[in-house]
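Undergrad: Below is one structure. I have some questions about it.
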Amino acid sequence: MFYGRAAFTDSHAVAVDGEVLEGDAFLVATGSRPAIPPIEGLSDVPYLTSDLLTSDEGLELTELPASLVILGGGYIALELGQMFQRFGTRVTILERSGRILPGYEPEIGTTLAAILRDEGLTLVTDAAAQRVRQDGPDVVVVAAVGGRLREFRAARLLVAAGRVPNTEGLGLERPGVHLDAHGFVAVDDTLRTTAPHVWAAGDVIGRQIANQPATPVGAHDGVIAASNALRGDGRRVDHRVIPRTIFTDPQVAVVGLTEAQAHAAGHRCRCTVVPMSAVPRAGAVRDPRGVIKMVLDADSEEVLGVSMLGLNAGEVVHEAAMALRFRATVHDFIDLVHVYPTMAEALKIVALSFFKDVTKLSCCAE
């Protein structure tokens, strides 16, 4: 085991703090780090990232701030924002687009926004940060909101503006590894780079080949890349079905295509949305917050995607993932006997909603 900064010195050798290692095959799995947007003044003020580190101290945050402004409205911003709000911090989230979670189903983002606002979070959309400054003990963010500049003041600033790959300083040009326009390592569906003896996996490849940057995806793909590199298996990755969860409360879980993605892929779609209040388990435990949406191919009735905001959504999504893996139809969800009352019944209920008013069903009825 070697620890230190590594970089290619030629096509078949890397140096780790002066120690040269040679090999016939290499795997690049250097991951990613929080992206820091080019905002005027940001480099002059202390800020946190999703790793809860300050830009100038290198120490983990140990004191609860009285107030916090978060730049970004994606999953990291929402998970940390709700956590800090529940700890007692006054949280303001600034999102550039018109809604939080812009890449998800609009019904998910809209419903979650209402839930978070009910908890006391301030969510400001269409907010583009222009500059940042220190004002006494506070950090001030100046953002363009609805055509005018507004100031947002807080004790601390958290930047949650996505992630960028860790590819600088690796000497990847020496073996001939190409990077895409955003600096991610370019790979094919066997995870081989443009250098025939170099593979890459994890966040460092970004969203190529329908990849979803996440720890379990990187672990899964790392096995495939290592197998291809060491044994020449030629295994191909299949990222068609990747379940994902956002650990807010309630959780968001998605798998497959959104309605917009299905249309973009050429499908003629049918979609339906059901509130969690229609799920008996949600009512029994007094937590009817959320919605579930199902996307079908209108011709084959194959289920293309499921998005759920609700109690235990991160557990429920695995049934949907297995169904999508085997190209289940809406009728497969309906015909499967579900335990009553469970949150997994939400999948059966949303499938039934294509054909009947589920709000008028008695328990276990079809």
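Labels for the structure tokens follow display order: chains A, B, ..., residues from 1 in each chain, ligands from 1.
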Would you kindly return, as a PyMOL selection string, each protein, DNA or RNA residue with an atom no farther than 9 Å from any atom of stretch 76-92 of chain A, considering only C-alpha atoms and excluding same-chain residues fewer than 6 positions away?
TA: chain A and resi 50+64-70+100-101+116+119-124+152+154+158-162+246-249
Undergrad: Env of stretch 26-37 of chain A: 8 Å cut, atoms = only C-alpha atoms, seq-sep filter 2 positions within chain, self excluded. Answer as a compact mmCIF listing (two decimals) with C-alpha atoms, in the first residue's frame.
TA:
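Output file part37.txt is given in full below:
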# COMPACT_ATOMS: atom_id res chain seq x y z
CA GLY A 23 2.31 -1.86 -14.48
CA ASP A 24 0.60 -3.35 -17.48
CA ILE A 39 -18.49 34.11 -7.72
CA THR A 49 -18.61 22.82 1.25
CA SER A 50 -20.59 19.61 1.28
CA ASP A 51 -17.68 18.07 3.18
CA VAL A 159 -21.49 26.07 -1.20
CA ALA A 160 -23.36 23.09 -2.67
CA ALA A 161 -22.99 23.72 -6.39
CA GLY A 162 -22.22 20.21 -7.63
CA ARG A 163 -18.96 18.34 -7.99
CA VAL A 164 -15.92 18.32 -10.27
CA PRO A 165 -13.53 15.44 -11.06
CA ASN A 166 -10.15 14.96 -9.41
CA THR A 167 -8.10 14.74 -12.59
CA HIS A 197 -4.32 -0.16 -20.85
CA VAL A 198 -6.07 2.40 -18.60
CA TRP A 199 -9.57 2.08 -17.17
CA ALA A 200 -11.59 4.47 -15.00
CA ALA A 201 -14.63 4.18 -12.71
CA GLY A 202 -16.63 6.16 -10.18
CA ASP A 203 -17.27 9.90 -9.98
CA VAL A 204 -14.18 10.62 -12.07
CA GLY A 222 -14.90 -0.63 -10.03
CA ALA A 225 -13.19 -2.16 -14.55
CA ALA A 226 -10.73 -4.22 -12.49
CA ALA A 229 -8.17 -4.64 -16.77
Undergrad: So that I can see what lies close to stretch 15-19 of chain A, please list as a PDB file with C-alpha atoms, in the first residue's frame the residues with an atom at most 10 Å from it, counting only C-alpha atoms and leaving out residues fewer than 2 positions away in the same chain.
TA:
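Output saved as part_5.pdb:
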ATOM      1  CA  PHE A   2       1.340   3.416  -0.996  1.00  0.00           C
ATOM      2  CA  TYR A   3       0.071   6.760   0.301  1.00  0.00           C
ATOM      3  CA  GLY A   4       0.699  10.084  -1.414  1.00  0.00           C
ATOM      4  CA  ARG A   5       0.057  11.993  -4.619  1.00  0.00           C
ATOM      5  CA  ALA A   6       0.338   9.839  -7.731  1.00  0.00           C
ATOM      6  CA  ALA A   7       0.953  10.905 -11.314  1.00  0.00           C
ATOM      7  CA  PHE A   8       1.875   9.150 -14.530  1.00  0.00           C
ATOM      8  CA  THR A   9       5.493   9.637 -15.486  1.00  0.00           C
ATOM      9  CA  ASP A  10       5.127   7.763 -18.761  1.00  0.00           C
ATOM     10  CA  ALA A  13       4.578   4.092 -14.820  1.00  0.00           C
ATOM     11  CA  LEU A  21       5.499   1.938  -9.822  1.00  0.00           C
ATOM     12  CA  GLU A  22       5.206   0.205 -13.177  1.00  0.00           C
ATOM     13  CA  LEU A 170      -2.401  13.049 -12.615  1.00  0.00           C
TER      14      LEU A 170
END
Undergrad: DSSP on the backbone, strand (DSSP E or B) only: what residues of stretch 159-351 of chain A does that give? Format it as a PyMOL selection string.
TA: chain A and resi 159+163-165+179+185+192+198-200+244-246+251-256+269-275+291-297+302-310+329
Undergrad: Which residue is closest to A:Ile242? Choose from A:Arg270, A:Arg289, A:His318, A:His263 and count only C-alpha atoms.
TA: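 Checking each candidate against A:Ile242, we get A:His318 as the closest.
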Undergrad: Nearest to A:His12: which of A:Arg174, A:Leu179, A:Thr111, A:Gln130 is it, counting only C-alpha atoms?
TA: A:Arg174
Undergrad: With only C-alpha atoms as the counted atoms, please give the residues lying no more than 7 Å from A:Met308, apart from itself and same-chain residues fewer than 2 positions off, as a PyMOL selection string.
TA: chain A and resi 252-254+291-293+306+310+313
Undergrad: Please dump the current selection as a CSV table (one decimal), in the first residue's frame; keep C-alpha atoms.
TA:
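Output contents, as saved in out.csv:
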chain,number,residue,atom,x,y,z
A,252,VAL,CA,-36.9,11.1,-2.2
A,253,ALA,CA,-36.2,7.9,-4.3
A,254,VAL,CA,-36.1,7.6,-8.0
A,291,VAL,CA,-46.3,11.9,-3.7
A,292,ILE,CA,-45.4,9.0,-6.1
A,293,LYS,CA,-45.2,9.2,-9.9
A,306,VAL,CA,-40.7,5.7,-10.7
A,310,GLY,CA,-42.4,9.7,1.1
A,313,ALA,CA,-38.9,5.8,-0.1
Undergrad: May I have all residues of stretch 228-271 of chain A that DSSP, computed from the backbone, assigns to helix (DSSP H, G or I), given as a list in words?
TA: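 Answer for stretch 228-271 of chain A, restricted to helix (DSSP H, G or I): Asn228, Ala229, Leu230, Arg231, Glu259, Ala260, Gln261, Ala262, His263 and Ala264 of chain A.
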Undergrad: Do you know which residues are at most 7 Å from A:Glu151 counting only C-alpha atoms, after dropping those on the same chain fewer than 5 positions away, and could you put them as a list of chain:residue names?
TA: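 Skipping anything fewer than 5 positions along the chain leaves A:Val140, A:Val141, A:Val142, A:Ala143.
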Undergrad: Separation of atom CA of A:Asp180 and atom CA of A:Val14, in Å?
TA: 22.1 Å
Undergrad: Might you pull out every residue within 12 Å of A:Ala344, with only C-alpha atoms counted and same-chain residues fewer than 4 positions away left off, and present them as a list in words?
TA: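 The contact residues come out as Met276, Val279, Pro280, Arg281, Ala282, Ile292, Met308, Gly310, Leu311, Asn312, Ala313, Gly314, Glu315, Val316, Val317, His318, Glu319, Ala320, Phe333, Ile334, Leu336, Val337, His338, Val339, Tyr340, Lys348, Ile349, Val350 and Ala351 of chain A.
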Undergrad: Store the residues of this selection in a file with C-alpha atoms, as a PDB file, in the first residue's frame.
TA:
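New file result19.pdb:
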ATOM      1  CA  MET A 276     -49.036   9.556  -0.174  1.00  0.00           C
ATOM      2  CA  VAL A 279     -51.388   4.857   0.844  1.00  0.00           C
ATOM      3  CA  PRO A 280     -52.922   3.148   3.924  1.00  0.00           C
ATOM      4  CA  ARG A 281     -49.595   2.751   5.723  1.00  0.00           C
ATOM      5  CA  ALA A 282     -48.880   6.473   5.449  1.00  0.00           C
ATOM      6  CA  ILE A 292     -45.392   9.011  -6.073  1.00  0.00           C
ATOM      7  CA  MET A 308     -41.330   8.761  -4.869  1.00  0.00           C
ATOM      8  CA  GLY A 310     -42.440   9.679   1.113  1.00  0.00           C
ATOM      9  CA  LEU A 311     -41.736   7.632   4.194  1.00  0.00           C
ATOM     10  CA  ASN A 312     -39.086   4.937   3.572  1.00  0.00           C
ATOM     11  CA  ALA A 313     -38.908   5.788  -0.137  1.00  0.00           C
ATOM     12  CA  GLY A 314     -35.279   4.653  -0.207  1.00  0.00           C
ATOM     13  CA  GLU A 315     -36.388   1.148   0.759  1.00  0.00           C
ATOM     14  CA  VAL A 316     -39.437   1.010  -1.523  1.00  0.00           C
ATOM     15  CA  VAL A 317     -37.482   2.029  -4.632  1.00  0.00           C
ATOM     16  CA  HIS A 318     -35.649  -1.301  -4.764  1.00  0.00           C
ATOM     17  CA  GLU A 319     -38.827  -3.137  -5.757  1.00  0.00           C
ATOM     18  CA  ALA A 320     -39.275  -0.650  -8.578  1.00  0.00           C
ATOM     19  CA  PHE A 333     -47.057  -4.070 -10.390  1.00  0.00           C
ATOM     20  CA  ILE A 334     -50.821  -4.493 -10.056  1.00  0.00           C
ATOM     21  CA  LEU A 336     -48.016  -8.600  -7.480  1.00  0.00           C
ATOM     22  CA  VAL A 337     -49.490  -9.225  -4.028  1.00  0.00           C
ATOM     23  CA  HIS A 338     -48.168  -6.582  -1.625  1.00  0.00           C
ATOM     24  CA  VAL A 339     -48.136  -6.816   2.147  1.00  0.00           C
ATOM     25  CA  TYR A 340     -50.816  -4.625   3.743  1.00  0.00           C
ATOM     26  CA  LYS A 348     -49.328  -0.966  -6.588  1.00  0.00           C
ATOM     27  CA  ILE A 349     -51.581   1.997  -5.868  1.00  0.00           C
ATOM     28  CA  VAL A 350     -49.887   4.310  -8.352  1.00  0.00           C
ATOM     29  CA  ALA A 351     -50.072   1.529 -10.966  1.00  0.00           C
TER      30      ALA A 351
END
Undergrad: Leaving out A:Ser97 and any residue of its chain fewer than 2 positions from it, which residues lie within 12 Å of it when counting only C-alpha atoms, given as a PyMOL selection string?
TA: chain A and resi 71-74+93-95+99-103+106+109+123-129+144-146
Undergrad: Based on the selection just made, write N, CA and C atoms of those residues as a PDB file, in the first residue's frame.
TA:
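The resulting again19.pdb:
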ATOM      1  N   LEU A  71     -25.779  27.885  -1.153  1.00  0.00           N
ATOM      2  CA  LEU A  71     -25.842  28.110  -2.596  1.00  0.00           C
ATOM      3  C   LEU A  71     -26.071  26.774  -3.280  1.00  0.00           C
ATOM      4  N   GLY A  72     -27.232  26.604  -3.888  1.00  0.00           N
ATOM      5  CA  GLY A  72     -27.575  25.357  -4.557  1.00  0.00           C
ATOM      6  C   GLY A  72     -28.852  24.782  -4.002  1.00  0.00           C
ATOM      7  N   GLY A  73     -29.604  24.100  -4.874  1.00  0.00           N
ATOM      8  CA  GLY A  73     -30.857  23.484  -4.451  1.00  0.00           C
ATOM      9  C   GLY A  73     -30.953  22.034  -4.853  1.00  0.00           C
ATOM     10  N   GLY A  74     -29.789  21.364  -4.919  1.00  0.00           N
ATOM     11  CA  GLY A  74     -29.761  19.938  -5.233  1.00  0.00           C
ATOM     12  C   GLY A  74     -29.825  19.095  -3.976  1.00  0.00           C
ATOM     13  N   ILE A  93     -31.870  28.727   1.462  1.00  0.00           N
ATOM     14  CA  ILE A  93     -31.334  28.022   0.294  1.00  0.00           C
ATOM     15  C   ILE A  93     -31.589  28.869  -0.948  1.00  0.00           C
ATOM     16  N   LEU A  94     -30.534  29.134  -1.720  1.00  0.00           N
ATOM     17  CA  LEU A  94     -30.629  29.904  -2.959  1.00  0.00           C
ATOM     18  C   LEU A  94     -30.397  28.966  -4.142  1.00  0.00           C
ATOM     19  N   GLU A  95     -31.406  28.818  -4.992  1.00  0.00           N
ATOM     20  CA  GLU A  95     -31.324  27.921  -6.151  1.00  0.00           C
ATOM     21  C   GLU A  95     -31.465  28.731  -7.429  1.00  0.00           C
ATOM     22  N   ARG A  99     -36.954  25.859  -9.555  1.00  0.00           N
ATOM     23  CA  ARG A  99     -37.408  24.995  -8.471  1.00  0.00           C
ATOM     24  C   ARG A  99     -36.226  24.217  -7.919  1.00  0.00           C
ATOM     25  N   ILE A 100     -36.370  23.713  -6.708  1.00  0.00           N
ATOM     26  CA  ILE A 100     -35.342  22.835  -6.163  1.00  0.00           C
ATOM     27  C   ILE A 100     -35.387  21.510  -6.903  1.00  0.00           C
ATOM     28  N   LEU A 101     -34.302  20.767  -6.844  1.00  0.00           N
ATOM     29  CA  LEU A 101     -34.176  19.488  -7.564  1.00  0.00           C
ATOM     30  C   LEU A 101     -34.604  19.632  -9.023  1.00  0.00           C
ATOM     31  N   PRO A 102     -33.967  20.522  -9.771  1.00  0.00           N
ATOM     32  CA  PRO A 102     -34.422  20.781 -11.140  1.00  0.00           C
ATOM     33  C   PRO A 102     -34.341  19.584 -12.077  1.00  0.00           C
ATOM     34  N   GLY A 103     -33.497  18.602 -11.783  1.00  0.00           N
ATOM     35  CA  GLY A 103     -33.385  17.440 -12.658  1.00  0.00           C
ATOM     36  C   GLY A 103     -34.372  16.328 -12.346  1.00  0.00           C
ATOM     37  N   PRO A 106     -41.029  17.454 -11.566  1.00  0.00           N
ATOM     38  CA  PRO A 106     -41.455  18.707 -10.927  1.00  0.00           C
ATOM     39  C   PRO A 106     -42.366  18.490  -9.724  1.00  0.00           C
ATOM     40  N   GLY A 109     -40.095  18.037  -6.609  1.00  0.00           N
ATOM     41  CA  GLY A 109     -39.482  19.266  -6.126  1.00  0.00           C
ATOM     42  C   GLY A 109     -40.494  20.206  -5.494  1.00  0.00           C
ATOM     43  N   LEU A 123     -36.631  29.049   1.137  1.00  0.00           N
ATOM     44  CA  LEU A 123     -36.198  28.593  -0.176  1.00  0.00           C
ATOM     45  C   LEU A 123     -36.437  29.716  -1.172  1.00  0.00           C
ATOM     46  N   VAL A 124     -35.382  30.132  -1.849  1.00  0.00           N
ATOM     47  CA  VAL A 124     -35.474  31.199  -2.836  1.00  0.00           C
ATOM     48  C   VAL A 124     -35.013  30.639  -4.174  1.00  0.00           C
ATOM     49  N   THR A 125     -35.915  30.573  -5.152  1.00  0.00           N
ATOM     50  CA  THR A 125     -35.577  30.056  -6.478  1.00  0.00           C
ATOM     51  C   THR A 125     -35.339  31.219  -7.443  1.00  0.00           C
ATOM     52  N   ASP A 126     -34.829  30.874  -8.621  1.00  0.00           N
ATOM     53  CA  ASP A 126     -34.429  31.894  -9.606  1.00  0.00           C
ATOM     54  C   ASP A 126     -33.474  32.900  -8.966  1.00  0.00           C
ATOM     55  N   ALA A 127     -32.589  32.379  -8.126  1.00  0.00           N
ATOM     56  CA  ALA A 127     -31.647  33.230  -7.395  1.00  0.00           C
ATOM     57  C   ALA A 127     -30.228  32.939  -7.871  1.00  0.00           C
ATOM     58  N   ALA A 128     -29.644  33.882  -8.582  1.00  0.00           N
ATOM     59  CA  ALA A 128     -28.281  33.727  -9.104  1.00  0.00           C
ATOM     60  C   ALA A 128     -27.320  34.573  -8.281  1.00  0.00           C
ATOM     61  N   ALA A 129     -26.444  33.919  -7.538  1.00  0.00           N
ATOM     62  CA  ALA A 129     -25.482  34.638  -6.705  1.00  0.00           C
ATOM     63  C   ALA A 129     -24.534  35.459  -7.579  1.00  0.00           C
ATOM     64  N   ALA A 144     -29.184  37.921  -7.708  1.00  0.00           N
ATOM     65  CA  ALA A 144     -30.229  38.450  -8.579  1.00  0.00           C
ATOM     66  C   ALA A 144     -31.440  37.540  -8.470  1.00  0.00           C
ATOM     67  N   VAL A 145     -32.534  38.094  -7.989  1.00  0.00           N
ATOM     68  CA  VAL A 145     -33.770  37.336  -7.797  1.00  0.00           C
ATOM     69  C   VAL A 145     -34.909  38.079  -8.470  1.00  0.00           C
ATOM     70  N   GLY A 146     -35.485  37.457  -9.496  1.00  0.00           N
ATOM     71  CA  GLY A 146     -36.605  38.096 -10.169  1.00  0.00           C
ATOM     72  C   GLY A 146     -36.278  39.451 -10.757  1.00  0.00           C
TER      73      GLY A 146
END
Undergrad: Taking into account only C-alpha atoms, which residue in the set A:Ile224, A:Val273, A:Ile209, A:Ala265 is nearest to A:Arg240?
TA: A:Ile209
Undergrad: How many Å separate atom CA of A:Leu361 from atom CA of A:Phe326?
TA: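 These atoms are spaced 28.6 Å apart.
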